[in-house]
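Heads up: the structure comes next, in structure tokens.
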Amino acid sequence: MNYNLNQLADKEQKKKLGITAFKKLYSLIREEKRTIIFALIAIVVNAALNLLGPYLIGHTIDTYIQAKVYKGVLLFTGILLVMYITAFFTNYLQIKMMGGVGQRMLFSLRNAVFTKLQELPVDFFNQNKAGDLISRINNDTDKLNQFFSQSLMQFIGSIFTMVGSAIFLLSINFELGLAALLPAVVIILFTRSISPWVKRRNAANLKAVGGLSAEIQESLNNFKVILAFNRRDYFRSRFNEVNQQTYQTAIKAGVANNIFMPVYGFSANIGQMIVLAFGIYLIASHYFTLGLLISFLAYIQNFYNPLRQLAALWANFQVAMAGWDRISNILSLQSNLEVIPEKEAEASAPFFALLNVSFHYPNGKDVLHQVNFELERGKTYAFVGPTGGGKTTIASLISRLYDPQKGKVILDGKDIRSYEAAERTKKIGFILQEPFLFTGTVKDNILYGNDEYKGFSNEQLEQVILEAGIGSLLNSFEQGLETKVQTTGDGVSLGQKQLIAFMRAVLRKPELLILDEATANIDTVTEQLLESILRNLPSTTTRVIIAHRLNTIADANEIYFVNSGNVIRAGSLDDAVNLLLHGKRVS
């Protein structure tokens with residue numbers, strides 16, 4: 001399945017993904033519906049009070065100021081003061097409420113994206129860079145938050161103010177109002193035609209920012225190698241390349257986002273000139289009063305000033321939508337590792353089997369072709385072969401990191417696809433050549449994903465480790481279970497990382513334990529210790545060993561040779577050695 005987020009889907013598929021994503025967005029803000037309604041009421045009240053002001057000012061000029069009735073002037077001044085104070089508090093209230101909505105939505109959205117990432121298969125992460133995913137979670141979600149917390153209510157308030165101002169303008173004098181609003185028609189047509197281009201520019205910039213994040217993350221992760229080979233020049237060259245691309249797209253996005261402001265400002269100036277010229281003519285013709293002209297000019301300001309704000313708000317909206325497109329691409333994805341309806345286990349079925357399995361990675365050739373083999377409970381199996389022959393792919397299929405394109409994988413008599421993830425991972429343990437550790441302690445890492453010993457004290461857990469026969473491994477750490485571990489693994493050696501992974505797997509008591517080059521980074525003495533522990537695992541534990549070093553498979557009950565997409569029984573250890581030495585192509 002194609003999980004590459006940077007490859008655009010066809011138009012119909014994008015439409016379906018968009019609908020799914022907007023349903024997800026609605027579900028995130030549904031709980032905020034009440035707060036949004038109150039904020040909306042506040043912004044409507046604010047807009048109404050601000051709209052009423054110019055009319056009262058015009059009325060006061062024509063009725064009281066020109067007639068020099070100062071009591072009326074004071075009365076209406078007081079009314080206006082109360083109105084503007086009330087408008088101030090309603091504006092503050094909606095800003096506070098929407099700020100809370102934006103932050104809560106940001107929290108929920110990031111949780112939703114991260115939860116979705118956890119649901120997706122390894123295939124997804126092989127096709128997308130970690131740095132780009134980090135940018136989507138951090139940067140793109142924040143763009144959406146900024147729109148909801150800062151721009152949305154301003155956007156709605158501006159619309160209300162503009163509509164109200166237009167109504168007042170047309171009510172006071174229809175012909176003058178129509179002439180004053182004419183430039184707005186040009187703005188609407190301009191905005192409609194230019195918006196898709198602005199969105200594309202912002203999408204390109206967000207993609208470039210994601211690429212920059214990915215490049216930095218990849219370079220820093222491999223910085224030791226860069227130093228070892230003295231290739232800082234390559235690091236600088238790659239960074240400069242992606243940084244230049246980000247700069248260029250940012251310039252283009254900035255130009256696109258700022259193109260609205262001068263056009264909107266120019267239209268507002270034209271509108272004011274029309275009102276001033278036409279209004280003076282009407283006053284001279286005795287069809288208009290000075291107070292109404294002042295009110296009219298104020299309403300023109302109320303119409304075109306929000307329009308200027310809309311220029312910036314519309315640009316923010318385009319940025320938010322570009323960010324939402326990138327977020328929705330993740331939220332709309334579904335794992336291709338679906339759980340099928342459970343069936344009764346067949347009594348005669350083997351404990352584990354690959355039946356006519358063929359597999360290839362996206363856009364690649366078959367790594368495995370019609371592979372068949374069976375594993376019995378409690379035995380040790382070794383898979384050997386040249387690099388790239390398909391050994392690790394077999395381990396990945398056994399642990400269901402992938403599903404084969406053809407054939408079936410059987411676990412404990414049932415299709416492996418019928419197991420829920422928690423049940424499957426409880427049955428299968430997997431020790432990688434370079435296991436990943438989390439920031440914390442040795443205890444935190446060996447208990448990861450193991451609820452059975454959750455809440456155990458150090459003394460209780462040490463007793464469990466001793467009973468499991470792996471107490472000697474804990475002696476390799478100076479502070480025992482409290483030894484500090486960093487995310488990068490710094491502070492513990494590569495061999496110690498492997499010991500932590502080994503303890504983590506053994507304590508889960510798996511029925512099937514896979515070791516993918518698990519002893520490649522440890523010394524001979526520790527390797528012999530691990531082999532002894534493996535031999536003392538429960539008699540029902542099936543062991544699958546993927547190895548290049550043949551001394552690690554000497555005690556295997558069965559040896560399989562993997563090469564060119566095929567798997568055959570190798571027979572004895574000597575036969576496996578001969579196959580490896582001659583690089584036999586299996587057919």
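Quick note on naming: the chains in the structure tokens go A, B, ... in the order shown, residues restart at 1 in each chain, and ligands are numbered from 1 in order of appearance.
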
Could you give me the residues within stretch 327-450 of chain A that DSSP places in helix (DSSP H, G or I), as a PDB file with N, CA and C atoms, in the first residue's frame?
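What ended up in out-v3.pdb:
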```
ATOM      1  N   ILE A 327      -2.116  17.655   7.696  1.00  0.00           N
ATOM      2  CA  ILE A 327      -2.549  16.892   8.873  1.00  0.00           C
ATOM      3  C   ILE A 327      -3.585  15.852   8.476  1.00  0.00           C
ATOM      4  N   SER A 328      -4.544  16.276   7.632  1.00  0.00           N
ATOM      5  CA  SER A 328      -5.639  15.372   7.249  1.00  0.00           C
ATOM      6  C   SER A 328      -5.133  14.183   6.447  1.00  0.00           C
ATOM      7  N   ASN A 329      -4.007  14.366   5.728  1.00  0.00           N
ATOM      8  CA  ASN A 329      -3.432  13.233   5.005  1.00  0.00           C
ATOM      9  C   ASN A 329      -3.091  12.096   5.953  1.00  0.00           C
ATOM     10  N   ILE A 330      -2.646  12.451   7.165  1.00  0.00           N
ATOM     11  CA  ILE A 330      -2.325  11.429   8.165  1.00  0.00           C
ATOM     12  C   ILE A 330      -3.603  10.870   8.789  1.00  0.00           C
ATOM     13  N   LEU A 331      -4.508  11.771   9.208  1.00  0.00           N
ATOM     14  CA  LEU A 331      -5.712  11.337   9.920  1.00  0.00           C
ATOM     15  C   LEU A 331      -6.618  10.447   9.075  1.00  0.00           C
ATOM     16  N   LYS A 391      16.068 -12.700   5.155  1.00  0.00           N
ATOM     17  CA  LYS A 391      15.969 -13.220   6.526  1.00  0.00           C
ATOM     18  C   LYS A 391      15.167 -12.283   7.436  1.00  0.00           C
ATOM     19  N   THR A 392      15.515 -10.993   7.420  1.00  0.00           N
ATOM     20  CA  THR A 392      14.811 -10.035   8.270  1.00  0.00           C
ATOM     21  C   THR A 392      13.362  -9.859   7.822  1.00  0.00           C
ATOM     22  N   THR A 393      13.120 -10.003   6.531  1.00  0.00           N
ATOM     23  CA  THR A 393      11.737  -9.933   6.031  1.00  0.00           C
ATOM     24  C   THR A 393      10.906 -11.065   6.619  1.00  0.00           C
ATOM     25  N   ILE A 394      11.502 -12.264   6.708  1.00  0.00           N
ATOM     26  CA  ILE A 394      10.795 -13.398   7.322  1.00  0.00           C
ATOM     27  C   ILE A 394      10.473 -13.084   8.775  1.00  0.00           C
ATOM     28  N   ALA A 395      11.461 -12.518   9.511  1.00  0.00           N
ATOM     29  CA  ALA A 395      11.222 -12.147  10.908  1.00  0.00           C
ATOM     30  C   ALA A 395      10.092 -11.124  11.010  1.00  0.00           C
ATOM     31  N   SER A 396      10.052 -10.186  10.070  1.00  0.00           N
ATOM     32  CA  SER A 396       8.999  -9.156  10.079  1.00  0.00           C
ATOM     33  C   SER A 396       7.625  -9.761   9.805  1.00  0.00           C
ATOM     34  N   LEU A 397       7.565 -10.755   8.929  1.00  0.00           N
ATOM     35  CA  LEU A 397       6.294 -11.420   8.643  1.00  0.00           C
ATOM     36  C   LEU A 397       5.844 -12.268   9.824  1.00  0.00           C
ATOM     37  N   ILE A 398       6.811 -12.914  10.503  1.00  0.00           N
ATOM     38  CA  ILE A 398       6.473 -13.730  11.669  1.00  0.00           C
ATOM     39  C   ILE A 398       5.847 -12.861  12.763  1.00  0.00           C
ATOM     40  N   ILE A 416      -2.784 -15.386  11.430  1.00  0.00           N
ATOM     41  CA  ILE A 416      -2.205 -14.375  12.317  1.00  0.00           C
ATOM     42  C   ILE A 416      -2.976 -13.060  12.255  1.00  0.00           C
ATOM     43  N   ARG A 417      -3.707 -12.835  11.161  1.00  0.00           N
ATOM     44  CA  ARG A 417      -4.478 -11.607  11.019  1.00  0.00           C
ATOM     45  C   ARG A 417      -5.704 -11.571  11.935  1.00  0.00           C
ATOM     46  N   SER A 418      -6.072 -12.709  12.516  1.00  0.00           N
ATOM     47  CA  SER A 418      -7.247 -12.750  13.386  1.00  0.00           C
ATOM     48  C   SER A 418      -6.923 -12.338  14.818  1.00  0.00           C
ATOM     49  N   ALA A 421      -3.729  -6.785  18.151  1.00  0.00           N
ATOM     50  CA  ALA A 421      -2.310  -6.455  18.307  1.00  0.00           C
ATOM     51  C   ALA A 421      -1.783  -6.831  19.692  1.00  0.00           C
ATOM     52  N   ALA A 422      -2.561  -6.564  20.749  1.00  0.00           N
ATOM     53  CA  ALA A 422      -2.108  -6.852  22.114  1.00  0.00           C
ATOM     54  C   ALA A 422      -1.913  -8.350  22.323  1.00  0.00           C
ATOM     55  N   GLU A 423      -2.847  -9.142  21.807  1.00  0.00           N
ATOM     56  CA  GLU A 423      -2.749 -10.599  21.961  1.00  0.00           C
ATOM     57  C   GLU A 423      -1.570 -11.150  21.167  1.00  0.00           C
ATOM     58  N   ARG A 424      -1.366 -10.620  19.963  1.00  0.00           N
ATOM     59  CA  ARG A 424      -0.278 -11.111  19.113  1.00  0.00           C
ATOM     60  C   ARG A 424       1.089 -10.775  19.718  1.00  0.00           C
ATOM     61  N   THR A 425       1.247  -9.532  20.190  1.00  0.00           N
ATOM     62  CA  THR A 425       2.550  -9.138  20.741  1.00  0.00           C
ATOM     63  C   THR A 425       2.841  -9.833  22.069  1.00  0.00           C
ATOM     64  N   LYS A 426       1.810 -10.283  22.751  1.00  0.00           N
ATOM     65  CA  LYS A 426       2.031 -11.058  23.976  1.00  0.00           C
ATOM     66  C   LYS A 426       2.572 -12.445  23.654  1.00  0.00           C
ATOM     67  N   LYS A 427       2.166 -12.985  22.503  1.00  0.00           N
ATOM     68  CA  LYS A 427       2.621 -14.314  22.094  1.00  0.00           C
ATOM     69  C   LYS A 427       4.013 -14.280  21.464  1.00  0.00           C
ATOM     70  N   VAL A 442      16.781   1.692  33.432  1.00  0.00           N
ATOM     71  CA  VAL A 442      16.748   0.308  32.946  1.00  0.00           C
ATOM     72  C   VAL A 442      15.394  -0.323  33.290  1.00  0.00           C
ATOM     73  N   LYS A 443      14.887  -0.021  34.467  1.00  0.00           N
ATOM     74  CA  LYS A 443      13.590  -0.564  34.893  1.00  0.00           C
ATOM     75  C   LYS A 443      12.473  -0.115  33.948  1.00  0.00           C
ATOM     76  N   ASP A 444      12.451   1.182  33.616  1.00  0.00           N
ATOM     77  CA  ASP A 444      11.416   1.699  32.706  1.00  0.00           C
ATOM     78  C   ASP A 444      11.449   0.970  31.371  1.00  0.00           C
ATOM     79  N   ASN A 445      12.648   0.694  30.887  1.00  0.00           N
ATOM     80  CA  ASN A 445      12.789   0.076  29.575  1.00  0.00           C
ATOM     81  C   ASN A 445      12.440  -1.406  29.559  1.00  0.00           C
ATOM     82  N   ILE A 446      12.796  -2.133  30.602  1.00  0.00           N
ATOM     83  CA  ILE A 446      12.482  -3.568  30.569  1.00  0.00           C
ATOM     84  C   ILE A 446      11.012  -3.835  30.875  1.00  0.00           C
TER      85      ILE A 446
END
```

Practice problem: Please identify all polymer residues within 10 Å of stretch 451-460 of chain A, counting only C-alpha atoms, omitting same-chain residues fewer than 4 positions from it, and present them as number ranges by chain. | Solution: A: 443-444, 447, 464-465, 480-482, 507-508

Could you turn the residues from that selection into a file that holds all heavy atoms, as a CSV table (one decimal), in the first residue's frame?
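So the final result, stored in part13.csv, reads:
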```csv
chain,number,residue,atom,x,y,z
A,443,LYS,N,14.9,0.0,34.5
A,443,LYS,CA,13.6,-0.6,34.9
A,443,LYS,C,12.5,-0.1,33.9
A,443,LYS,O,11.6,-0.9,33.5
A,443,LYS,CB,13.3,-0.1,36.3
A,443,LYS,CG,11.9,-0.6,36.8
A,443,LYS,CD,11.7,-0.1,38.3
A,443,LYS,CE,10.3,-0.6,38.8
A,443,LYS,NZ,10.0,0.0,40.1
A,444,ASP,N,12.5,1.2,33.6
A,444,ASP,CA,11.4,1.7,32.7
A,444,ASP,C,11.4,1.0,31.4
A,444,ASP,O,10.4,0.7,30.8
A,444,ASP,CB,11.6,3.2,32.5
A,444,ASP,CG,11.5,4.0,33.7
A,444,ASP,OD1,10.7,3.6,34.6
A,444,ASP,OD2,12.1,5.1,33.8
A,447,LEU,N,10.3,-2.9,31.5
A,447,LEU,CA,8.9,-3.0,31.8
A,447,LEU,C,8.0,-2.4,30.7
A,447,LEU,O,6.8,-2.5,30.8
A,447,LEU,CB,8.5,-2.4,33.1
A,447,LEU,CG,9.1,-3.1,34.4
A,447,LEU,CD1,8.5,-2.4,35.6
A,447,LEU,CD2,8.7,-4.6,34.3
A,464,VAL,N,11.8,-11.2,40.4
A,464,VAL,CA,11.2,-11.7,39.2
A,464,VAL,C,12.3,-12.0,38.2
A,464,VAL,O,12.3,-13.1,37.5
A,464,VAL,CB,10.2,-10.8,38.6
A,464,VAL,CG1,9.7,-11.2,37.2
A,464,VAL,CG2,8.9,-10.7,39.5
A,465,ILE,N,13.3,-11.1,38.1
A,465,ILE,CA,14.4,-11.3,37.1
A,465,ILE,C,15.2,-12.5,37.5
A,465,ILE,O,15.6,-13.3,36.7
A,465,ILE,CB,15.2,-10.0,37.1
A,465,ILE,CG1,14.4,-8.9,36.4
A,465,ILE,CG2,16.6,-10.2,36.4
A,465,ILE,CD1,15.1,-7.5,36.5
A,480,GLY,N,22.1,-0.9,38.7
A,480,GLY,CA,21.1,-1.9,38.6
A,480,GLY,C,19.9,-1.4,37.8
A,480,GLY,O,20.0,-0.7,36.8
A,481,LEU,N,18.7,-1.5,38.4
A,481,LEU,CA,17.5,-1.1,37.7
A,481,LEU,C,17.4,0.4,37.6
A,481,LEU,O,16.6,0.9,36.7
A,481,LEU,CB,16.2,-1.6,38.5
A,481,LEU,CG,16.0,-3.1,38.4
A,481,LEU,CD1,14.9,-3.5,39.4
A,481,LEU,CD2,15.7,-3.6,37.0
A,482,GLU,N,18.1,1.1,38.4
A,482,GLU,CA,18.0,2.6,38.4
A,482,GLU,C,19.0,3.2,37.5
A,482,GLU,O,19.2,4.5,37.5
A,482,GLU,CB,18.1,3.2,39.8
A,482,GLU,CG,16.9,2.8,40.7
A,482,GLU,CD,15.6,3.3,40.1
A,482,GLU,OE1,15.6,4.4,39.6
A,482,GLU,OE2,14.6,2.5,40.1
A,507,LEU,N,11.0,-11.3,30.0
A,507,LEU,CA,10.1,-11.1,31.0
A,507,LEU,C,8.6,-11.1,30.5
A,507,LEU,O,7.7,-11.3,31.3
A,507,LEU,CB,10.3,-9.7,31.7
A,507,LEU,CG,11.5,-9.7,32.7
A,507,LEU,CD1,11.7,-8.4,33.3
A,507,LEU,CD2,11.4,-10.8,33.8
A,508,ARG,N,8.5,-10.9,29.2
A,508,ARG,CA,7.1,-11.0,28.6
A,508,ARG,C,6.6,-12.4,28.4
A,508,ARG,O,5.5,-12.6,28.1
A,508,ARG,CB,7.1,-10.2,27.3
A,508,ARG,CG,7.2,-8.7,27.4
A,508,ARG,CD,7.3,-8.0,26.1
A,508,ARG,NE,6.0,-8.2,25.3
A,508,ARG,CZ,5.0,-7.4,25.4
A,508,ARG,NH1,5.0,-6.4,26.2
A,508,ARG,NH2,3.9,-7.7,24.7
```

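Coordinates place atom CA of A:Gly291 at a distance of 14.2 Å from atom CA of A:Phe76.
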
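Distance annotation: of A:Ala284, A:Ala382, A:Ala42, A:Leu49, the residue with the minimal separation from A:Tyr84 is A:Leu49; atom set is only C-alpha atoms.
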
Quiz item: Excluding same-chain residues fewer than 5 positions from A:Gly413, what lies within 10 Å of it counting only C-alpha atoms, as a list in words?
Solution: Lys343, Glu344, Ala345, Glu346, Ala347, Ser348, Ala349, Pro350, Phe351, Phe352 and Ala353 of chain A

Self-check item: Distance in Å - atom CA of A:Ala87 versus atom CA of A:Val275
Solution: 27.1 Å

Quiz item: What is the atom CA of A:Leu290 to atom CA of A:Thr77 distance in Å?
Solution: 18.4 Å

Exercise. Could you give me, as a ChimeraX atom specification, the residues within 12 Å of A:Gly131, counting only C-alpha atoms and dropping anything in the same chain fewer than 5 positions from it?
Key: /A:125,136-139,207-221

Could the residues in this selection be saved with C-alpha atoms as a CSV table (one decimal), in the first residue's frame?
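Generated output (selection_8.csv):
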```
chain,number,residue,atom,x,y,z
A,125,PHE,CA,7.3,4.9,8.5
A,136,ARG,CA,3.2,18.1,10.8
A,137,ILE,CA,2.6,17.4,14.5
A,138,ASN,CA,4.3,20.6,15.8
A,139,ASN,CA,4.2,23.2,13.0
A,207,LYS,CA,6.3,20.9,2.7
A,208,ALA,CA,9.7,22.6,2.5
A,209,VAL,CA,9.7,23.2,6.3
A,210,GLY,CA,8.9,19.6,6.8
A,211,GLY,CA,11.8,18.6,4.5
A,212,LEU,CA,14.1,20.9,6.5
A,213,SER,CA,13.1,19.3,9.7
A,214,ALA,CA,13.6,15.9,8.2
A,215,GLU,CA,17.1,16.8,7.0
A,216,ILE,CA,18.2,18.2,10.4
A,217,GLN,CA,16.8,15.2,12.2
A,218,GLU,CA,18.5,12.7,9.8
A,219,SER,CA,21.9,14.6,9.9
A,220,LEU,CA,21.9,14.9,13.7
A,221,ASN,CA,21.0,11.2,14.1
```

Quiz item: Near A:Ile522, counting only C-alpha atoms, which residues have an atom at most 9 Å away, once you skip same-chain residues fewer than 2 positions from it, shown as a VMD selection string?
Solution: chain A and resid 494 to 496 498 to 499 518 to 520 524 to 527

Write the residues of the selection above to a file with all heavy atoms, as an mmCIF file, in the first residue's frame.
```
data_model
loop_
_atom_site.group_PDB
_atom_site.id
_atom_site.type_symbol
_atom_site.label_atom_id
_atom_site.label_comp_id
_atom_site.auth_asym_id
_atom_site.auth_seq_id
_atom_site.Cartn_x
_atom_site.Cartn_y
_atom_site.Cartn_z
ATOM 1 N N LEU A 494 26.403 -0.361 23.451
ATOM 2 C CA LEU A 494 25.520 -1.052 22.514
ATOM 3 C C LEU A 494 25.187 -2.450 23.020
ATOM 4 O O LEU A 494 24.056 -2.925 22.897
ATOM 5 C CB LEU A 494 26.191 -1.128 21.133
ATOM 6 C CG LEU A 494 25.305 -1.519 19.951
ATOM 7 C CD1 LEU A 494 24.089 -0.612 19.852
ATOM 8 C CD2 LEU A 494 26.098 -1.481 18.653
ATOM 9 N N GLY A 495 26.186 -3.091 23.631
ATOM 10 C CA GLY A 495 25.941 -4.416 24.203
ATOM 11 C C GLY A 495 24.959 -4.369 25.351
ATOM 12 O O GLY A 495 24.099 -5.254 25.488
ATOM 13 N N GLN A 496 25.063 -3.319 26.199
ATOM 14 C CA GLN A 496 24.124 -3.175 27.313
ATOM 15 C C GLN A 496 22.708 -2.904 26.820
ATOM 16 O O GLN A 496 21.734 -3.372 27.410
ATOM 17 C CB GLN A 496 24.595 -2.046 28.237
ATOM 18 C CG GLN A 496 25.808 -2.410 29.088
ATOM 19 C CD GLN A 496 26.279 -1.239 29.920
ATOM 20 O OE1 GLN A 496 26.407 -0.118 29.416
ATOM 21 N NE2 GLN A 496 26.561 -1.484 31.194
ATOM 22 N N GLN A 498 21.502 -4.139 24.199
ATOM 23 C CA GLN A 498 21.012 -5.447 23.771
ATOM 24 C C GLN A 498 20.557 -6.279 24.969
ATOM 25 O O GLN A 498 19.558 -6.997 24.899
ATOM 26 C CB GLN A 498 22.126 -6.182 23.006
ATOM 27 C CG GLN A 498 21.642 -7.254 22.069
ATOM 28 C CD GLN A 498 20.973 -6.683 20.828
ATOM 29 O OE1 GLN A 498 20.234 -5.703 20.874
ATOM 30 N NE2 GLN A 498 21.198 -7.309 19.709
ATOM 31 N N LEU A 499 21.281 -6.150 26.090
ATOM 32 C CA LEU A 499 20.892 -6.886 27.300
ATOM 33 C C LEU A 499 19.548 -6.396 27.828
ATOM 34 O O LEU A 499 18.720 -7.200 28.274
ATOM 35 C CB LEU A 499 21.966 -6.730 28.381
ATOM 36 C CG LEU A 499 23.356 -7.294 28.073
ATOM 37 C CD1 LEU A 499 24.278 -7.103 29.266
ATOM 38 C CD2 LEU A 499 23.276 -8.767 27.692
ATOM 39 N N ALA A 518 20.635 -10.710 17.251
ATOM 40 C CA ALA A 518 20.537 -10.149 18.601
ATOM 41 C C ALA A 518 21.835 -10.196 19.377
ATOM 42 O O ALA A 518 21.993 -9.489 20.375
ATOM 43 C CB ALA A 518 19.445 -10.876 19.386
ATOM 44 N N THR A 519 22.788 -11.041 18.961
ATOM 45 C CA THR A 519 24.056 -11.133 19.694
ATOM 46 C C THR A 519 25.217 -10.531 18.905
ATOM 47 O O THR A 519 26.379 -10.771 19.231
ATOM 48 C CB THR A 519 24.365 -12.614 20.015
ATOM 49 O OG1 THR A 519 24.464 -13.359 18.790
ATOM 50 C CG2 THR A 519 23.292 -13.220 20.892
ATOM 51 N N ALA A 520 24.904 -9.747 17.882
ATOM 52 C CA ALA A 520 25.947 -9.220 17.001
ATOM 53 C C ALA A 520 26.817 -8.170 17.687
ATOM 54 O O ALA A 520 27.964 -7.975 17.306
ATOM 55 C CB ALA A 520 25.319 -8.629 15.747
ATOM 56 N N THR A 524 31.981 -12.200 23.543
ATOM 57 C CA THR A 524 31.827 -13.657 23.498
ATOM 58 C C THR A 524 31.318 -14.216 24.813
ATOM 59 O O THR A 524 30.457 -15.116 24.829
ATOM 60 C CB THR A 524 33.170 -14.310 23.139
ATOM 61 O OG1 THR A 524 33.658 -13.736 21.929
ATOM 62 C CG2 THR A 524 33.002 -15.804 22.947
ATOM 63 N N VAL A 525 31.822 -13.690 25.943
ATOM 64 C CA VAL A 525 31.402 -14.195 27.256
ATOM 65 C C VAL A 525 29.918 -13.938 27.471
ATOM 66 O O VAL A 525 29.165 -14.829 27.889
ATOM 67 C CB VAL A 525 32.237 -13.532 28.386
ATOM 68 C CG1 VAL A 525 31.714 -13.955 29.758
ATOM 69 C CG2 VAL A 525 33.709 -13.884 28.238
ATOM 70 N N THR A 526 29.475 -12.702 27.176
ATOM 71 C CA THR A 526 28.053 -12.365 27.341
ATOM 72 C C THR A 526 27.201 -13.169 26.365
ATOM 73 O O THR A 526 26.085 -13.582 26.699
ATOM 74 C CB THR A 526 27.828 -10.855 27.119
ATOM 75 O OG1 THR A 526 28.725 -10.122 27.937
ATOM 76 C CG2 THR A 526 26.406 -10.462 27.451
ATOM 77 N N GLU A 527 27.725 -13.395 25.171
ATOM 78 C CA GLU A 527 26.992 -14.185 24.182
ATOM 79 C C GLU A 527 26.741 -15.600 24.698
ATOM 80 O O GLU A 527 25.639 -16.141 24.560
ATOM 81 C CB GLU A 527 27.773 -14.235 22.872
ATOM 82 C CG GLU A 527 27.053 -15.002 21.768
ATOM 83 C CD GLU A 527 27.847 -15.039 20.476
ATOM 84 O OE1 GLU A 527 28.958 -14.495 20.430
ATOM 85 O OE2 GLU A 527 27.331 -15.623 19.508
#
```

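Of the listed residues (A:Lys379, A:Lys484, A:Arg504, A:Lys408), A:Lys379 comes nearest to A:Thr542; the distances count only C-alpha atoms.
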
Practice problem: For stretch 140-143 of chain A, work out the shell of residues within 8 Å, counting only C-alpha atoms and skipping chain neighbours fewer than 5 positions away, then give it as a PyMOL selection string. | Solution: chain A and resi 106+109-110+135+206+319-320+323-324+326-327

Exercise. Tell me, as JSON, numbers by chain, which residues lie within 12 Å of A:Ile194, counting only C-alpha atoms; anything in the same chain fewer than 3 positions away does not count.
Key: {"A": [187, 188, 189, 190, 191, 197, 198, 199, 200, 201, 256, 257, 258, 259, 260, 263, 311, 314, 315, 318]}

Can you write out as a Markdown table which residues of stretch 268-348 of chain A fall within 7 Å of stretch 147-163 of chain A, alongside each residue's closest atom pair and its distance in Å to one decimal, counting only C-alpha atoms and ordering rows by chain and ascending residue number?
```
| residue | atom | partner | partner_atom | distance |
| --- | --- | --- | --- | --- |
| A:Asn302 | CA | A:Met162 | CA | 6.6 |
| A:Phe303 | CA | A:Met162 | CA | 4.6 |
| A:Pro306 | CA | A:Ser158 | CA | 5.0 |
| A:Leu310 | CA | A:Phe155 | CA | 6.5 |
| A:Leu313 | CA | A:Ser151 | CA | 6.0 |
| A:Asn316 | CA | A:Phe147 | CA | 6.5 |
| A:Phe317 | CA | A:Phe147 | CA | 6.5 |
| A:Ala320 | CA | A:Phe147 | CA | 6.4 |
```

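The residue that comes closest to A:Pro183, out of A:Leu292, A:Val339, A:Ile270, A:Leu473 and on the basis of only C-alpha atoms, is A:Ile270.
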
Quiz item: Closest to A:Asn557 among A:Tyr361, A:Phe383, A:Tyr247, A:Tyr64, using only C-alpha atoms?
Solution: A:Phe383

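When only C-alpha atoms are used to compute distances to A:Lys33, the closest of the residues A:Ala48, A:Ala180, A:Met97, A:Met261 turns out to be A:Met97.
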